[in-house]
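K.L.:
File follows, entry32.txt with compact mmCIF, C-alpha atoms and all ligand atoms:
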# COMPACT_ATOMS: atom_id res chain seq x y z
CA VAL T 1 93.16 9.12 -148.23
CA ALA T 2 92.01 8.82 -144.65
CA ILE T 3 90.11 11.40 -142.65
CA SER T 4 89.85 11.37 -138.90
CA SER T 5 88.70 13.83 -136.30
CA ALA T 6 90.14 11.66 -133.53
CA ALA T 7 86.55 10.92 -132.44
CA THR T 8 85.90 14.58 -131.64
CA ALA T 9 83.62 15.47 -134.57
CA PRO T 10 82.53 12.53 -136.72
CA VAL T 11 79.95 14.59 -138.63
CA LEU T 12 82.59 17.11 -139.55
CA ALA T 13 84.90 14.32 -140.68
CA ARG T 14 82.10 12.98 -142.88
CA ARG T 15 81.63 16.42 -144.46
CA VAL T 16 85.34 16.63 -145.24
CA ARG T 17 85.25 13.09 -146.66
CA GLU T 18 82.32 14.02 -148.93
CA LYS T 19 84.20 17.03 -150.27
CA ILE T 20 87.28 14.97 -150.99
CA GLU T 21 85.24 12.22 -152.64
CA MET T 22 83.73 14.83 -154.93
CA LEU T 23 87.19 15.99 -155.98
CA LEU T 24 88.98 12.67 -156.46
CA PRO T 25 88.06 9.86 -158.84
CA LYS T 26 87.42 6.51 -157.15
CA GLU T 27 90.06 4.87 -159.36
CA LEU T 28 92.86 7.13 -158.19
CA GLY T 29 94.73 4.10 -156.85
CA ARG T 30 95.38 2.94 -160.44
CA LEU T 31 97.32 6.12 -161.03
CA ALA T 32 99.39 5.47 -157.91
CA ASP T 33 100.10 1.91 -159.16
CA LEU T 34 101.26 3.24 -162.50
CA ALA T 35 103.54 5.79 -160.84
CA SER T 36 105.05 3.28 -158.46
CA GLY T 37 105.98 0.99 -161.36
CA TRP T 38 107.93 3.80 -163.06
CA ARG T 39 109.42 5.52 -160.05
CA VAL T 40 112.89 3.96 -160.14
CA ARG T 41 113.29 4.24 -163.91
CA VAL T 42 112.23 7.88 -163.84
CA ALA T 43 114.62 8.69 -161.00
CA GLU T 44 117.47 7.06 -162.94
CA ARG T 45 116.82 9.03 -166.10
CA LEU T 46 115.85 12.44 -164.69
CA ASP T 47 118.27 13.58 -162.06
CA SER T 48 116.79 16.96 -161.15
CA LEU T 49 113.89 17.26 -158.75
CA LEU T 50 112.35 19.92 -160.99
CA GLY T 51 112.63 17.67 -164.04
CA ARG T 52 110.92 14.81 -162.19
CA ARG T 53 108.18 17.09 -160.95
CA ARG T 54 107.48 18.32 -164.48
CA PHE T 55 107.54 14.75 -165.76
CA TRP T 56 104.94 13.53 -163.29
CA GLU T 57 102.75 16.57 -163.89
CA THR T 58 102.82 15.77 -167.61
CA VAL T 59 101.89 12.17 -166.88
CA PHE T 60 99.11 12.88 -164.39
CA ASP T 61 97.57 15.80 -166.28
CA GLY T 62 97.74 14.22 -169.75
CA PRO T 63 96.30 11.18 -171.53
CA ALA T 64 98.46 8.75 -169.50
CA GLY T 65 96.59 9.76 -166.37
CA SER T 66 93.13 9.37 -167.89
CA LEU T 67 94.10 6.05 -169.52
CA ALA T 68 95.27 4.64 -166.19
CA ILE T 69 92.18 5.83 -164.37
CA GLY T 70 90.03 4.36 -167.15
CA GLY T 71 91.70 0.97 -166.58
CA HIS T 72 93.69 0.92 -169.88
CA VAL T 73 96.90 -0.08 -168.18
CA ASP T 74 98.89 -1.14 -171.26
CA LYS T 75 98.10 2.02 -173.18
CA ALA T 76 98.94 4.12 -170.12
CA GLU T 77 102.29 2.30 -169.78
CA ARG T 78 103.14 2.98 -173.44
CA GLU T 79 102.24 6.65 -173.01
CA VAL T 80 104.48 7.00 -169.95
CA ALA T 81 107.35 5.35 -171.84
CA ARG T 82 106.85 7.75 -174.74
CA ILE T 83 106.81 10.81 -172.46
CA LEU T 84 109.95 9.69 -170.64
CA LEU T 85 111.81 9.17 -173.92
CA ASN T 86 110.88 12.61 -175.23
CA PHE T 87 111.45 14.23 -171.90
CA GLU T 88 115.13 13.39 -172.02
CA ALA T 89 115.45 14.79 -175.52
CA GLN T 90 113.75 18.03 -174.55
CA PRO T 91 115.86 21.08 -173.78
CA PRO T 92 115.14 22.50 -170.30
CA GLU T 93 111.86 24.36 -170.45
CA PRO T 94 111.93 28.08 -169.76
CA GLY T 95 110.02 29.00 -166.65
CA GLN T 96 106.93 31.11 -166.45
CA ALA T 97 106.07 34.24 -164.54
CA TRP T 98 102.66 35.39 -163.43
CA LEU T 99 102.03 38.84 -161.97
CA VAL T 100 99.01 38.19 -159.80
CA GLY T 101 96.79 40.51 -157.78
CA ALA T 102 95.96 39.06 -154.35
CA GLY T 103 93.16 41.50 -153.59
CA PRO T 104 92.86 43.53 -150.38
CA GLY T 105 93.29 40.68 -147.89
CA ASP T 106 90.17 38.56 -147.54
CA PRO T 107 90.97 35.25 -149.31
CA ASP T 108 87.37 35.04 -150.60
CA LEU T 109 88.21 38.02 -152.80
CA LEU T 110 90.92 36.18 -154.75
CA THR T 111 90.09 35.46 -158.38
CA VAL T 112 89.69 31.85 -159.52
CA ARG T 113 92.69 32.40 -161.81
CA ALA T 114 94.84 33.61 -158.88
CA VAL T 115 94.07 30.42 -156.95
CA GLN T 116 94.82 28.23 -159.98
CA ILE T 117 98.19 29.92 -160.41
CA MET T 118 99.05 29.72 -156.72
CA GLN T 119 98.48 25.99 -156.95
CA ALA T 120 100.67 25.62 -160.03
CA ALA T 121 103.60 27.84 -159.06
CA ASP T 122 106.93 26.44 -157.81
CA VAL T 123 107.76 29.74 -156.11
CA ILE T 124 105.55 32.47 -154.71
CA LEU T 125 107.24 35.84 -154.36
CA HIS T 126 104.82 37.77 -152.24
CA ASP T 127 104.49 41.24 -150.77
CA ARG T 128 104.58 41.68 -147.04
CA LEU T 129 100.93 42.81 -147.11
CA VAL T 130 99.67 39.52 -148.57
CA SER T 131 97.85 37.75 -145.74
CA ASP T 132 98.55 34.22 -144.47
CA ALA T 133 94.98 33.25 -145.31
CA VAL T 134 95.70 34.10 -148.95
CA LEU T 135 99.05 32.30 -148.88
CA SER T 136 97.35 29.18 -147.58
CA PHE T 137 96.25 28.54 -151.18
CA ALA T 138 99.85 27.95 -152.26
CA ARG T 139 100.88 24.45 -153.25
CA ARG T 140 102.21 22.76 -150.16
CA ASP T 141 105.71 22.24 -151.55
CA ALA T 142 105.95 25.69 -153.12
CA GLU T 143 108.72 27.96 -151.92
CA LEU T 144 107.34 31.14 -150.34
CA ILE T 145 109.57 34.19 -150.46
CA SER T 146 108.49 37.43 -148.82
CA VAL T 147 109.88 40.43 -150.65
CA GLY T 148 107.95 43.06 -148.75
CA LYS T 149 109.38 46.51 -148.65
CA LEU T 150 108.80 48.19 -145.34
CA PRO T 151 107.93 51.86 -145.77
CA GLY T 152 111.02 53.99 -145.32
CA ARG T 153 113.26 50.97 -144.89
CA ASP T 154 114.02 49.01 -148.03
CA THR T 155 114.39 45.41 -146.92
CA ASN T 156 114.43 44.53 -150.60
CA THR T 157 114.90 47.18 -153.26
CA GLN T 158 112.67 47.11 -156.33
CA GLU T 159 115.75 46.37 -158.45
CA GLY T 160 116.55 43.43 -156.17
CA ILE T 161 113.02 42.07 -156.59
CA ASN T 162 113.18 42.44 -160.39
CA GLU T 163 116.51 40.59 -160.50
CA LEU T 164 115.28 37.78 -158.27
CA LEU T 165 112.13 37.37 -160.38
CA VAL T 166 114.09 37.25 -163.64
CA SER T 167 116.71 34.82 -162.33
CA LEU T 168 114.11 32.42 -160.92
CA VAL T 169 112.14 32.32 -164.17
CA ARG T 170 115.34 31.96 -166.20
CA SER T 171 116.31 28.92 -164.16
CA GLY T 172 113.12 27.23 -165.31
CA ARG T 173 110.92 27.90 -162.31
CA ARG T 174 107.27 28.86 -162.47
CA VAL T 175 106.97 31.94 -160.37
CA CYS T 176 103.84 33.61 -159.04
CA ARG T 177 104.65 37.22 -158.17
CA LEU T 178 101.80 37.87 -155.77
CA LYS T 179 101.02 41.49 -155.02
CA GLY T 180 98.44 43.08 -152.75
CA GLY T 181 95.33 44.44 -154.50
CA ASP T 182 95.87 44.83 -158.23
CA PRO T 183 99.42 44.44 -159.55
CA PHE T 184 99.15 47.53 -161.77
CA ILE T 185 97.74 49.96 -159.21
CA PHE T 186 100.54 51.50 -157.15
CA GLY T 187 102.14 48.10 -157.06
CA ARG T 188 105.18 48.70 -159.29
CA GLY T 189 103.95 45.74 -161.30
CA GLY T 190 104.73 47.71 -164.45
CA GLU T 191 108.43 47.71 -163.62
CA GLU T 192 108.45 43.98 -162.94
CA LEU T 193 106.69 43.30 -166.24
CA GLU T 194 109.27 45.46 -168.06
CA ALA T 195 112.14 43.54 -166.45
CA LEU T 196 110.61 40.23 -167.58
CA ARG T 197 109.99 41.55 -171.07
CA ALA T 198 113.55 42.84 -171.33
CA ALA T 199 114.75 39.33 -170.41
CA GLU T 200 112.31 37.87 -173.01
CA LEU T 201 110.60 35.71 -170.40
CA PRO T 202 106.90 34.81 -170.58
CA CYS T 203 104.56 36.56 -168.19
CA GLU T 204 100.81 36.60 -167.67
CA VAL T 205 99.15 39.37 -165.67
CA VAL T 206 96.15 38.55 -163.47
CA PRO T 207 94.20 41.51 -162.09
CA GLY T 208 93.09 41.72 -158.49
CA ILE T 209 90.55 43.71 -156.51
CA THR T 210 92.33 46.93 -155.70
CA ALA T 211 92.25 48.20 -152.09
CA ALA T 212 89.97 51.16 -152.90
CA ALA T 213 87.33 48.89 -154.44
CA GLY T 214 87.62 46.26 -151.71
CA CYS T 215 87.55 48.76 -148.85
CA ALA T 216 84.71 50.81 -150.32
CA ALA T 217 82.61 47.68 -150.73
CA ALA T 218 83.40 46.51 -147.21
CA ALA T 219 82.35 49.90 -145.80
CA GLY T 220 79.24 50.12 -148.00
CA ILE T 221 80.50 53.23 -149.81
CA PRO T 222 79.74 53.43 -153.54
CA LEU T 223 82.79 54.98 -155.23
CA THR T 224 80.60 56.68 -157.82
CA HIS T 225 77.00 57.70 -157.50
CA ARG T 226 74.58 59.11 -160.07
CA ASP T 227 73.67 62.09 -157.88
CA LEU T 228 76.88 62.67 -155.94
CA SER T 229 79.99 61.70 -157.81
CA GLN T 230 80.71 61.20 -161.50
CA SER T 231 84.32 60.13 -161.22
CA VAL T 232 86.74 58.46 -158.89
CA VAL T 233 90.45 59.16 -158.64
CA PHE T 234 92.99 56.74 -157.17
CA VAL T 235 95.80 58.81 -155.69
CA THR T 236 99.02 57.86 -153.96
CA ALA T 237 99.98 60.01 -151.02
CA GLN T 238 103.40 58.51 -150.50
CA GLY T 239 106.41 60.76 -150.28
CA LYS T 240 106.64 64.50 -149.81
CA ASP T 241 107.58 65.11 -153.46
CA SER T 242 104.67 63.20 -154.87
CA ILE T 243 102.24 65.16 -152.68
CA ASP T 244 103.63 68.45 -153.94
CA GLN T 245 103.32 67.31 -157.53
CA LEU T 246 99.65 66.42 -157.31
CA ASP T 247 97.19 68.65 -159.16
CA TRP T 248 95.38 69.89 -156.07
CA GLY T 249 93.16 72.30 -158.03
CA SER T 250 91.62 69.39 -159.88
CA LEU T 251 91.53 67.06 -156.83
CA ALA T 252 89.65 69.69 -154.82
CA ARG T 253 86.77 69.87 -157.31
CA ASP T 254 83.32 68.74 -156.23
CA ARG T 255 81.33 65.76 -157.48
CA GLN T 256 84.23 63.36 -157.53
CA THR T 257 85.47 60.71 -155.13
CA LEU T 258 89.12 60.54 -154.07
CA ALA T 259 90.69 57.34 -152.82
CA PHE T 260 94.07 57.99 -151.24
CA TYR T 261 96.46 55.04 -150.93
CA MET T 262 99.42 55.05 -148.53
CA ALA T 263 97.93 58.04 -146.77
CA VAL T 264 98.27 57.16 -143.07
CA LYS T 265 101.20 59.44 -142.35
CA ARG T 266 99.94 62.27 -144.56
CA LEU T 267 96.38 62.91 -143.41
CA PRO T 268 96.93 66.47 -142.07
CA GLU T 269 98.77 67.48 -145.26
CA LEU T 270 96.04 66.04 -147.48
CA MET T 271 93.39 67.89 -145.50
CA ARG T 272 95.25 71.23 -145.74
CA ASN T 273 95.87 70.92 -149.47
CA LEU T 274 92.28 69.99 -150.32
CA VAL T 275 90.73 72.71 -148.16
CA SER T 276 93.12 75.42 -149.30
CA HIS T 277 92.28 74.56 -152.91
CA GLY T 278 88.56 74.92 -152.27
CA ARG T 279 87.15 71.57 -151.17
CA SER T 280 84.69 72.18 -148.37
CA PRO T 281 85.84 71.15 -144.86
CA ASP T 282 82.34 69.64 -144.52
CA THR T 283 83.05 67.05 -147.22
CA PRO T 284 82.47 63.58 -145.77
CA VAL T 285 85.50 61.31 -145.40
CA ALA T 286 86.00 57.69 -144.39
CA ILE T 287 89.16 55.92 -143.39
CA ILE T 288 89.16 52.17 -143.81
CA GLU T 289 91.91 50.44 -141.90
CA ARG T 290 92.75 46.78 -142.69
CA GLY T 291 89.80 46.68 -145.08
CA THR T 292 88.24 43.22 -145.68
CA LEU T 293 90.52 41.76 -142.99
CA PRO T 294 89.28 40.39 -139.65
CA ARG T 295 90.19 43.51 -137.68
CA GLN T 296 88.77 45.98 -140.20
CA ARG T 297 87.96 49.43 -138.83
CA VAL T 298 85.93 52.14 -140.56
CA LEU T 299 86.13 55.71 -139.28
CA ARG T 300 83.82 58.37 -140.64
CA GLY T 301 83.96 62.13 -140.31
CA ARG T 302 84.39 65.41 -142.16
CA LEU T 303 87.40 66.60 -144.13
CA GLY T 304 88.04 69.42 -141.64
CA GLN T 305 88.34 66.89 -138.79
CA LEU T 306 90.86 64.67 -140.52
CA SER T 307 93.94 65.65 -138.48
CA MET T 308 92.02 65.30 -135.26
CA LEU T 309 90.51 62.01 -136.29
CA ALA T 310 93.88 60.64 -137.29
CA GLU T 311 95.51 61.67 -134.04
CA ALA T 312 92.70 60.49 -131.77
CA GLN T 313 92.28 57.09 -133.42
CA GLY T 314 95.91 56.08 -133.97
CA ILE T 315 95.36 54.84 -137.50
CA GLU T 316 97.80 52.27 -138.81
CA ALA T 317 98.72 51.07 -142.27
CA PRO T 318 97.28 49.61 -144.37
CA ALA T 319 94.49 52.15 -144.65
CA ILE T 320 92.62 53.94 -147.44
CA LEU T 321 91.19 57.43 -147.18
CA ILE T 322 88.01 58.09 -149.15
CA VAL T 323 86.97 61.71 -149.64
CA GLY T 324 83.64 62.73 -151.17
CA ASP T 325 79.91 62.96 -150.63
CA VAL T 326 79.56 59.21 -151.17
CA ALA T 327 81.36 58.71 -147.84
CA GLY T 328 78.48 60.53 -146.12
CA LEU T 329 75.70 58.24 -147.32
CA LYS T 330 73.85 56.59 -144.50
CA GLU T 331 75.64 53.48 -143.36
CA PRO T 332 73.92 50.29 -144.46
CA VAL T 333 72.22 48.40 -141.63
CA THR T 334 74.38 45.42 -142.29
CA ALA T 335 77.23 46.36 -144.56
CA ALA T 336 77.54 44.19 -147.64
CA VAL T 337 80.12 41.97 -146.04
CA SER T 338 79.88 38.44 -144.75
CA SER T 339 79.89 37.87 -141.02
CA SER T 340 83.40 36.48 -141.26
CA ARG T 341 84.61 39.97 -142.10
CA GLN T 342 82.85 41.87 -139.34
CA PRO T 343 85.30 43.41 -136.90
CA GLY T 344 85.93 41.15 -134.00
CA ALA T 345 84.58 38.02 -135.68
CA THR T 346 86.95 35.15 -136.14
CA HIS T 347 87.88 34.65 -139.73
CA LEU T 348 86.82 31.33 -141.21
CA SER T 349 89.42 29.29 -143.00
CA PRO T 350 88.86 29.12 -146.77
CA ILE T 351 87.41 25.59 -146.90
CA TYR T 352 84.53 26.33 -144.55
CA ALA T 353 83.97 29.84 -145.82
CA LYS T 354 83.03 28.49 -149.26
CA LYS T 355 79.32 28.12 -149.75
CA SER T 356 78.32 24.72 -151.00
CA ALA T 357 76.16 24.68 -154.11
N1 LIG P 1 98.44 47.35 -155.47
C1 LIG P 1 97.70 47.64 -154.27
C2 LIG P 1 98.16 48.91 -153.60
C3 LIG P 1 99.58 48.87 -153.11
S1 LIG P 1 100.02 50.30 -152.23
C4 LIG P 1 96.22 47.70 -154.58
O1 LIG P 1 95.82 47.68 -155.77
O2 LIG P 1 95.41 47.74 -153.66
C5 LIG P 1 99.65 49.84 -150.56
C6 LIG P 1 98.50 50.66 -150.05
O3 LIG P 1 97.28 50.06 -150.43
C7 LIG P 1 98.42 50.75 -148.55
O4 LIG P 1 99.27 51.75 -148.04
C8 LIG P 1 96.97 51.11 -148.35
O5 LIG P 1 96.72 52.46 -148.62
C9 LIG P 1 96.31 50.30 -149.44
N2 LIG P 1 95.81 49.02 -148.92
C10 LIG P 1 96.20 47.79 -149.29
N3 LIG P 1 95.51 46.84 -148.63
C11 LIG P 1 94.63 47.50 -147.83
C12 LIG P 1 93.63 47.07 -146.89
N4 LIG P 1 93.39 45.78 -146.66
N5 LIG P 1 92.94 48.03 -146.24
C13 LIG P 1 93.17 49.33 -146.46
N6 LIG P 1 94.09 49.78 -147.32
C14 LIG P 1 94.83 48.89 -148.01
Please, can you express the file's structure as structure tokens?

P.N.:
Amino acid sequence: VAISSAATAPVLARRVREKIEMLLPKELGRLADLASGWRVRVAERLDSLLGRRRFWETVFDGPAGSLAIGGHVDKAEREVARILLNFEAQPPEPGQAWLVGAGPGDPDLLTVRAVQIMQAADVILHDRLVSDAVLSFARRDAELISVGKLPGRDTNTQEGINELLVSLVRSGRRVCRLKGGDPFIFGRGGEELEALRAAELPCEVVPGITAAAGCAAAAGIPLTHRDLSQSVVFVTAQGKDSIDQLDWGSLARDRQTLAFYMAVKRLPELMRNLVSHGRSPDTPVAIIERGTLPRQRVLRGRLGQLSMLAEAQGIEAPAILIVGDVAGLKEPVTAAVSSSRQPGATHLSPIYAKKSA
């Protein structure tokens, strides 16, 4: 492993070298020697790329790997021979699916589990909203497939996504279905899980930070508050029918916070419904556009000004609308976000954004 900054930043190169040295055992070369001795034999016996990949993962992650690194070459050789023998006898393994929440956009808000899975998966089926910074955690040879549905224009139908997911896992692949925010909040993750269950395929669900939680934190708005709001409701404002079916009487009640997803096109309608059902036009509101992302924008105002605000500011998706007294609390001097997330600041790549211990 060689690191160079082409003489532009030797200190930086040394930092990178230190990080890599911390991650890799000094005796890693022994593992490479072991692998090179078996390469041809393995290629002769296992003809599929996927089979070979699984084989080497078993070798490197198991006792063979630690034996080789520990200098027990003969034992390591015997272990590799044993694995190869059994590998041939094994029926093809079924694949694995993970339904993973990618959080609202900032890669620092991924869970440790999400990163582990992204580095294990053969295929990442991701939503259009999942940012490049998040996708940069994928294994380098993983296949990335964007299955984003554009609002109003189905580039991929939900049925199509379900079928793709099932067929990939059936063919033995390990698939990370990566969805913005949390997979089970307005993400249709439930339908994907059902499709996998119906096909009797294994699936693990990994929660993510949902947009309302991520955006509220980034704007310094507590979603509940002892004095102001005893409950919070996550509401989807997509589609005319779904708006008509909402229980506006209950949504218009005081002392609760509303977080509207997919609301950009519906702001005037939401305002009219809430006010006509009794919520005061003076109720504070906040719109968080591209929350936690480098070009985040937070607009504050009153419920009665929502149409005007929307029109004047040209709000674009993705955005969350928060309605309730909590949105009127005095803005924190410095919001509880790192400088990398302040509007206008360049976003740091994940490796430098991590704080060293
Ligand atoms: N499963 C996702 C929601 C999917 S619906 C979650 O748990 O967050 C997509 C909607 O989420 C968008 O229309 C928008 O309202 C909201 N959203 C997602 N990411 C956002 C972001 N970075 N900033 C503001 N709103 C966001």

K.L.:
Out of T:Val326, T:Ala2, T:Arg174, T:Gly103, which residue has the shortest atom-to-atom distance to Arg14 of chain T when counting only C-alpha atoms?

P.N.:
T:Ala2

K.L.:
Grab me every residue within 9 Å of ligand LIG 1 (chain P), counting all atoms listed in the file, and send it over as a compact mmCIF listing (two decimals) with C-alpha atoms, keeping the file's coordinate frame.

P.N.:
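Dumped everything to out_14.txt:
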# COMPACT_ATOMS: atom_id res chain seq x y z
CA GLY T 101 96.79 40.51 -157.78
CA ALA T 102 95.96 39.06 -154.35
CA GLY T 103 93.16 41.50 -153.59
CA PRO T 104 92.86 43.53 -150.38
CA GLY T 105 93.29 40.68 -147.89
CA ASP T 106 90.17 38.56 -147.54
CA LEU T 129 100.93 42.81 -147.11
CA VAL T 130 99.67 39.52 -148.57
CA PRO T 151 107.93 51.86 -145.77
CA LYS T 179 101.02 41.49 -155.02
CA GLY T 180 98.44 43.08 -152.75
CA GLY T 181 95.33 44.44 -154.50
CA ASP T 182 95.87 44.83 -158.23
CA PRO T 183 99.42 44.44 -159.55
CA PHE T 184 99.15 47.53 -161.77
CA ILE T 185 97.74 49.96 -159.21
CA PHE T 186 100.54 51.50 -157.15
CA GLY T 187 102.14 48.10 -157.06
CA ARG T 188 105.18 48.70 -159.29
CA GLY T 189 103.95 45.74 -161.30
CA PRO T 207 94.20 41.51 -162.09
CA GLY T 208 93.09 41.72 -158.49
CA ILE T 209 90.55 43.71 -156.51
CA THR T 210 92.33 46.93 -155.70
CA ALA T 211 92.25 48.20 -152.09
CA ALA T 212 89.97 51.16 -152.90
CA ALA T 213 87.33 48.89 -154.44
CA GLY T 214 87.62 46.26 -151.71
CA CYS T 215 87.55 48.76 -148.85
CA THR T 236 99.02 57.86 -153.96
CA ALA T 237 99.98 60.01 -151.02
CA GLN T 238 103.40 58.51 -150.50
CA ALA T 259 90.69 57.34 -152.82
CA PHE T 260 94.07 57.99 -151.24
CA TYR T 261 96.46 55.04 -150.93
CA MET T 262 99.42 55.05 -148.53
CA ALA T 263 97.93 58.04 -146.77
CA VAL T 264 98.27 57.16 -143.07
CA ILE T 287 89.16 55.92 -143.39
CA ILE T 288 89.16 52.17 -143.81
CA GLU T 289 91.91 50.44 -141.90
CA ARG T 290 92.75 46.78 -142.69
CA GLY T 291 89.80 46.68 -145.08
CA THR T 292 88.24 43.22 -145.68
CA LEU T 293 90.52 41.76 -142.99
CA GLN T 296 88.77 45.98 -140.20
CA ALA T 317 98.72 51.07 -142.27
CA PRO T 318 97.28 49.61 -144.37
CA ALA T 319 94.49 52.15 -144.65
CA ILE T 320 92.62 53.94 -147.44
CA LEU T 321 91.19 57.43 -147.18

K.L.:
In Å, with one decimal, what is the gap from atom CA of Ile83 of chain T to atom CA of Phe55 of chain T?

P.N.:
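Rounded to one decimal, the two atoms are 7.8 Å apart.
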
K.L.:
Of the candidates T:Ala64, T:Trp98, T:Asp325, T:Gln313, which one gets nearest to Arg82 of chain T if we count all atoms listed in the file?

P.N.:
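Under the stated criterion, the closest residue is T:Ala64.
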
K.L.:
Distance atom CA of Ser307 of chain T-atom CA of Pro284 of chain T, one decimal place?

P.N.:
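According to the coordinates, atom CA of Ser307 of chain T and atom CA of Pro284 of chain T are separated by 13.7 Å.
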
K.L.:
Any idea what the distance is between atom CA of Pro25 of chain T and atom CA of Ile69 of chain T?

P.N.:
8.0 Å
